[in-house]
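Take a look at the structure below.
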Amino acid sequence: MTVRHAFWPVALAALVALATAAIALGAVPLAVGDVWGALFGRGDPLAVAIVRTLRLPRVTLAALVGAGLGMSGAALQGVLRNGLAEPYLLGVSGGAAVGAAVAVSLGVSSALGVPLAAFAGAGLAVALVLLVARAARAHADPRTLLVAGVVVGAFANAAIMVALANAPPNTVRNALWWMMGSAADADWSRVRWLALFVAAGGLGLLWAAREIDALSLGEDPAAGLGVDVDRAARRVYALASLLAAATVAAAGLIGFVGLVVPHIVRAAGHRGHRALVGGSAITGAALVVAADLAARALRPPAELPLGAVTALVGVPFFLAQLRRGP
Amino acid sequence: MIRFEGVVVRYPRRDRPAVDGVTLDAAPASVTAVAGPNGSGKSTLVRALIGRVPLAAGRVLVGGEDARAVGRLALARRVAVVTQREEPAFPLEVGEYIAMGRFPHRAGWGGAGAADRRAVAFAAERAGVAELMSRQTDELSGGEWQRVRIARALAQEAGALVLDEPTTFLDVAHEMAVFELLDALARDGMTILLVSHQLNLVARFATTIVLLHRGRVAASGAPADVMRGETLESVYEWPLVVTRDPAVGAPALVPLRGRGGRRS
């Protein structure tokens, strides 16, 4: 009981502390007091400019990406009854990246066009993975689903390469960024539309949380409780894909966040999906802010791809989970 | 209370219907058991009730109304179902698990109210699992688990309880405990409809047995009328005799060792 209640203040405090550290650290280090002053426009104008136009949008973008991926993973794990499910491993993020890459190669550059194209790609990917898994009777072994997802993800990578084979070098460089994940291109306009998608998808999942609770008992038991199983599951897949697609359009392919985060929240005693989705938003935000800080700070002045940092943390976790059995 | 009326269910790519014109009634304050060999269509009836398989013909009535017309949530407030192998994907506290039975009673954003907490506490008490409330579901024994599932269904506060093979993996003592509980619930006035292949146990507890064979009703009525040697032999396709349970006088099936029987 005590762990369960302590989770919320601890997770929020961790998020605030990591965000403050991420804003303070960089090529021009700032004192924590200056960070808080600069946030409100007080103090050294240079510090204010660095904080408000460079670091704050980046940290906010990273936090939103983490929140989106965490909520997406929590919902997918519940509906699929599979502790290894998450948007990246299910190929959903890969599909989103294909959608975004195709849109960019066709010259789409509007703020909403790219995320919507990514959503279309993510939707196709999740439908494909579920079809393949159903045909292969994935309920017999939930790992089948993961195999289908990883293979669809590999196909997506190949499709991006093909789509961009004749694209101008600048586009190719951007595409590579996507496939490895980065919050470096953050600006306020990107933060604004990502916030819109994350808020919409997150509220939708919080609304659907009790249906996810029921679905996590299995399809027949959920039907017995009065859930319209097929429709409810489709709704959750759509919302989880929307969240994943928005993060991909904003910051590229970032794996394993959606895998790790729900397990942390469950370990803190929260099993109902309303708490699980909400807790995964905060924990995911903290995790990606920390990962982005590590990406900048580990090998300065070079920047590591954000997706590489999360994979370094996530893969050992995945293997440990796989060993315990899904 | 629950009535199947000429129900036909076909699965794709099967030559014969899984359920082929079944009519049966489950009345209040009684235990109605659907029995039969594997593949006779028992579980399909339960899936038809909760709308998981489309009906090719016939209808399912609940309290005289077509179950499809009642609406899913309203149906779940009238009939609680315990399907086979119901288990959360990730372990829950038993109290949280039983509270899942409140799903059809709660609105979208609302938390658990006083009525929900009362229903959960009452259900746990009735199923004899009140002392397990703070345990984790993955720490329960088979017998405890099954009573917790029944408590979850009782928390739905429905007038009817439908169970699919409630005692499959249980030893004798826990099997008996589950059937005694179902018997007591029927005495309280509930409609109990259960699917089971444990014919001898069912013969002792059920008011009515409906014996299914290849999707059709082979016999139905009081246990003594259904438990006849020639009926059971043709349904189970195995030589057997029906004797009387020495202690309580209920009919009991004893399969014989292969004297000319078809071995599978």
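Here's how to read the names in the structure tokens: chain A, B, ... by the order shown, residue numbers from 1 in each chain, ligand numbers from 1 in the order shown.
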Long-range neighbours of Pro104 of chain B as number ranges by chain, 10 Å cut-off, only C-alpha atoms, 5 positions minimum in chain:
A: 224-227; B: 72-78, 156-157
Write out, as a CSV table (one decimal), in the first residue's frame, the residues just selected, with C-alpha atoms.
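Below you can see result_18.csv, which holds the result:
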```csv
chain,number,residue,atom,x,y,z
A,224,GLY,CA,-18.8,-12.0,-20.2
A,225,LEU,CA,-18.3,-8.7,-18.3
A,226,GLY,CA,-20.1,-6.9,-21.1
A,227,VAL,CA,-17.2,-5.6,-23.2
B,72,ARG,CA,-23.9,-6.3,-23.5
B,73,LEU,CA,-23.6,-4.5,-20.2
B,74,ALA,CA,-27.3,-5.1,-19.2
B,75,LEU,CA,-26.7,-8.8,-20.0
B,76,ALA,CA,-23.6,-8.9,-17.8
B,77,ARG,CA,-25.8,-7.4,-15.0
B,78,ARG,CA,-28.2,-10.4,-15.4
B,156,GLN,CA,-21.7,-8.9,-10.8
B,157,GLU,CA,-24.8,-9.3,-8.7
```
Identify all chain B residues at most 7 Å from chain A by counting only C-alpha atoms; ligands do not count. Present them as a ChimeraX atom specification.
/B:50,72-73,75-76,80-83,86-89,92,101,103-104,108-109
Using only C-alpha atoms, pick whichever of B:Val210, B:Leu253, B:Ala160, B:Val148 has the shortest atom-to-atom distance to Glu93 of chain B.
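Among B:Val210, B:Leu253, B:Ala160, B:Val148, it is B:Val148 that comes nearest to Glu93 of chain B.
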Need to verify the contact set: Leu240 of chain B, 8 Å, only C-alpha atoms, exclusion of same-chain residues closer than 4 positions in sequence. Can you return it as a ChimeraX atom specification?
/B:229,232-233,253-256
Could you write out that same residue set with C-alpha atoms as a compact mmCIF listing (two decimals), in the first residue's frame?
```
# COMPACT_ATOMS: atom_id res chain seq x y z
CA GLY B 229 -26.74 -47.23 -19.63
CA LEU B 232 -24.64 -42.93 -22.11
CA GLU B 233 -23.04 -45.77 -24.04
CA LEU B 253 -21.36 -44.06 -14.54
CA VAL B 254 -18.63 -46.70 -14.54
CA PRO B 255 -16.76 -47.12 -17.82
CA LEU B 256 -15.68 -50.70 -18.55
```
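Counting only C-alpha atoms, Leu18 of chain A has the following residues at most 12 Å away, ignoring those fewer than 5 positions along the same chain: Ala11, Leu12, Ala13, Ile23, Ala24, Leu25, Val32, Val59, Thr60, Ala62, Ala63, Ile282, Thr283, Ala285, Ala286, Leu287, Val288, Val289, Ala290, Ala291, Asp292, Leu293 and Ala294 of chain A.
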Using only N, CA and C atoms, please write the residues we just selected to a file, as an mmCIF file, in the first residue's frame.
```
data_model
loop_
_atom_site.group_PDB
_atom_site.id
_atom_site.type_symbol
_atom_site.label_atom_id
_atom_site.label_comp_id
_atom_site.auth_asym_id
_atom_site.auth_seq_id
_atom_site.Cartn_x
_atom_site.Cartn_y
_atom_site.Cartn_z
ATOM 1 N N ALA A 11 7.775 9.463 -8.648
ATOM 2 C CA ALA A 11 7.918 9.526 -10.102
ATOM 3 C C ALA A 11 7.919 10.975 -10.584
ATOM 4 N N LEU A 12 7.017 11.796 -10.010
ATOM 5 C CA LEU A 12 6.969 13.202 -10.422
ATOM 6 C C LEU A 12 8.248 13.931 -10.044
ATOM 7 N N ALA A 13 8.741 13.651 -8.825
ATOM 8 C CA ALA A 13 9.974 14.299 -8.376
ATOM 9 C C ALA A 13 11.136 13.890 -9.277
ATOM 10 N N ILE A 23 18.156 20.459 -18.414
ATOM 11 C CA ILE A 23 18.202 21.861 -18.857
ATOM 12 C C ILE A 23 19.509 22.521 -18.402
ATOM 13 N N ALA A 24 20.004 22.111 -17.236
ATOM 14 C CA ALA A 24 21.202 22.755 -16.687
ATOM 15 C C ALA A 24 22.472 22.310 -17.416
ATOM 16 N N LEU A 25 22.508 21.036 -17.811
ATOM 17 C CA LEU A 25 23.750 20.501 -18.370
ATOM 18 C C LEU A 25 23.818 20.708 -19.874
ATOM 19 N N VAL A 32 21.472 25.331 -11.133
ATOM 20 C CA VAL A 32 20.053 24.969 -11.024
ATOM 21 C C VAL A 32 19.193 26.217 -10.761
ATOM 22 N N VAL A 59 13.855 19.230 -23.939
ATOM 23 C CA VAL A 59 13.470 18.416 -22.781
ATOM 24 C C VAL A 59 11.972 18.126 -22.807
ATOM 25 N N THR A 60 11.180 19.135 -23.196
ATOM 26 C CA THR A 60 9.726 18.920 -23.263
ATOM 27 C C THR A 60 9.391 17.878 -24.324
ATOM 28 N N ALA A 62 11.332 15.473 -25.395
ATOM 29 C CA ALA A 62 11.743 14.152 -24.894
ATOM 30 C C ALA A 62 10.718 13.619 -23.904
ATOM 31 N N ALA A 63 10.227 14.505 -23.022
ATOM 32 C CA ALA A 63 9.245 14.069 -22.022
ATOM 33 C C ALA A 63 7.956 13.599 -22.694
ATOM 34 N N ILE A 282 4.211 9.317 -16.810
ATOM 35 C CA ILE A 282 5.214 10.047 -16.004
ATOM 36 C C ILE A 282 6.559 9.327 -16.056
ATOM 37 N N THR A 283 6.538 7.999 -15.857
ATOM 38 C CA THR A 283 7.781 7.235 -15.822
ATOM 39 C C THR A 283 8.461 7.254 -17.193
ATOM 40 N N ALA A 285 8.195 9.595 -19.448
ATOM 41 C CA ALA A 285 8.750 10.932 -19.638
ATOM 42 C C ALA A 285 10.097 11.049 -18.941
ATOM 43 N N ALA A 286 10.156 10.585 -17.685
ATOM 44 C CA ALA A 286 11.407 10.674 -16.931
ATOM 45 C C ALA A 286 12.503 9.853 -17.613
ATOM 46 N N LEU A 287 12.120 8.665 -18.092
ATOM 47 C CA LEU A 287 13.116 7.773 -18.695
ATOM 48 C C LEU A 287 13.705 8.371 -19.979
ATOM 49 N N VAL A 288 12.864 8.939 -20.834
ATOM 50 C CA VAL A 288 13.383 9.470 -22.101
ATOM 51 C C VAL A 288 14.137 10.782 -21.874
ATOM 52 N N VAL A 289 13.715 11.598 -20.900
ATOM 53 C CA VAL A 289 14.493 12.796 -20.568
ATOM 54 C C VAL A 289 15.890 12.376 -20.115
ATOM 55 N N ALA A 290 15.953 11.335 -19.282
ATOM 56 C CA ALA A 290 17.255 10.837 -18.815
ATOM 57 C C ALA A 290 18.067 10.273 -19.977
ATOM 58 N N ALA A 291 17.412 9.519 -20.871
ATOM 59 C CA ALA A 291 18.120 8.923 -22.002
ATOM 60 C C ALA A 291 18.649 9.999 -22.938
ATOM 61 N N ASP A 292 17.854 11.071 -23.130
ATOM 62 C CA ASP A 292 18.310 12.143 -24.011
ATOM 63 C C ASP A 292 19.473 12.899 -23.377
ATOM 64 N N LEU A 293 19.410 13.054 -22.059
ATOM 65 C CA LEU A 293 20.536 13.679 -21.348
ATOM 66 C C LEU A 293 21.792 12.831 -21.527
ATOM 67 N N ALA A 294 21.642 11.526 -21.387
ATOM 68 C CA ALA A 294 22.780 10.614 -21.569
ATOM 69 C C ALA A 294 23.292 10.693 -23.000
#
```
Could you give me the residues within segment 150-194 of chain A that DSSP places in helix (DSSP H, G or I), as a ChimeraX atom specification?
/A:150-163,169-180,188-194
Report as a list in words all protein, DNA and RNA residues lying within 10 Å of Glu180 of chain B, evaluated on only C-alpha atoms, omitting residues in the same chain fewer than 6 positions from it.
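Everything that qualifies: His174, Ala186 and Phe205 of chain B.
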I want to know what sits within 9 Å of segment 6-10 of chain B, based on only C-alpha atoms, with residues of the same chain fewer than 6 positions away left out; could you give that as a VMD selection string?
chain B and resid 16 to 24 44 to 45 48 53 to 60 215
List the spatial neighbours of Ala154 of chain A as number ranges by chain - criterion: any atom at most 12 Å away, only C-alpha atoms, same-chain residues fewer than 3 positions off excluded.
A: 88-95, 97-98, 125, 147-151, 157-161, 179
Considering only C-alpha atoms, state which residue in the set A:Leu304, A:Leu61, A:Leu76, A:Val35 is at the smallest distance from Ala17 of chain A.
A:Val35
Please measure the separation of atom CA of Val242 of chain B and atom CA of Ala27 of chain B, giving the value in Å to one decimal.
26.9 Å
My list of candidates is A:Val315, A:Ala136, A:Ala19, A:Leu243. Which is closest to Ala195 of chain A when distances are computed with only C-alpha atoms?
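Closest candidate: A:Leu243.
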Atomic distance atom CA of Ala33 of chain B - atom CA of Gly64 of chain B, expressed in Å with one decimal
20.1 Å
So, counting only C-alpha atoms, which residue among A:Val277, A:Val16, A:Ala100, A:Pro301 is closest to Val28 of chain A?
A:Pro301
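Proximity to Arg47 of chain B was assessed for B:Val248, B:Val162, B:Val202, B:Leu140 counting only C-alpha atoms; the smallest distance is recorded for B:Val162.
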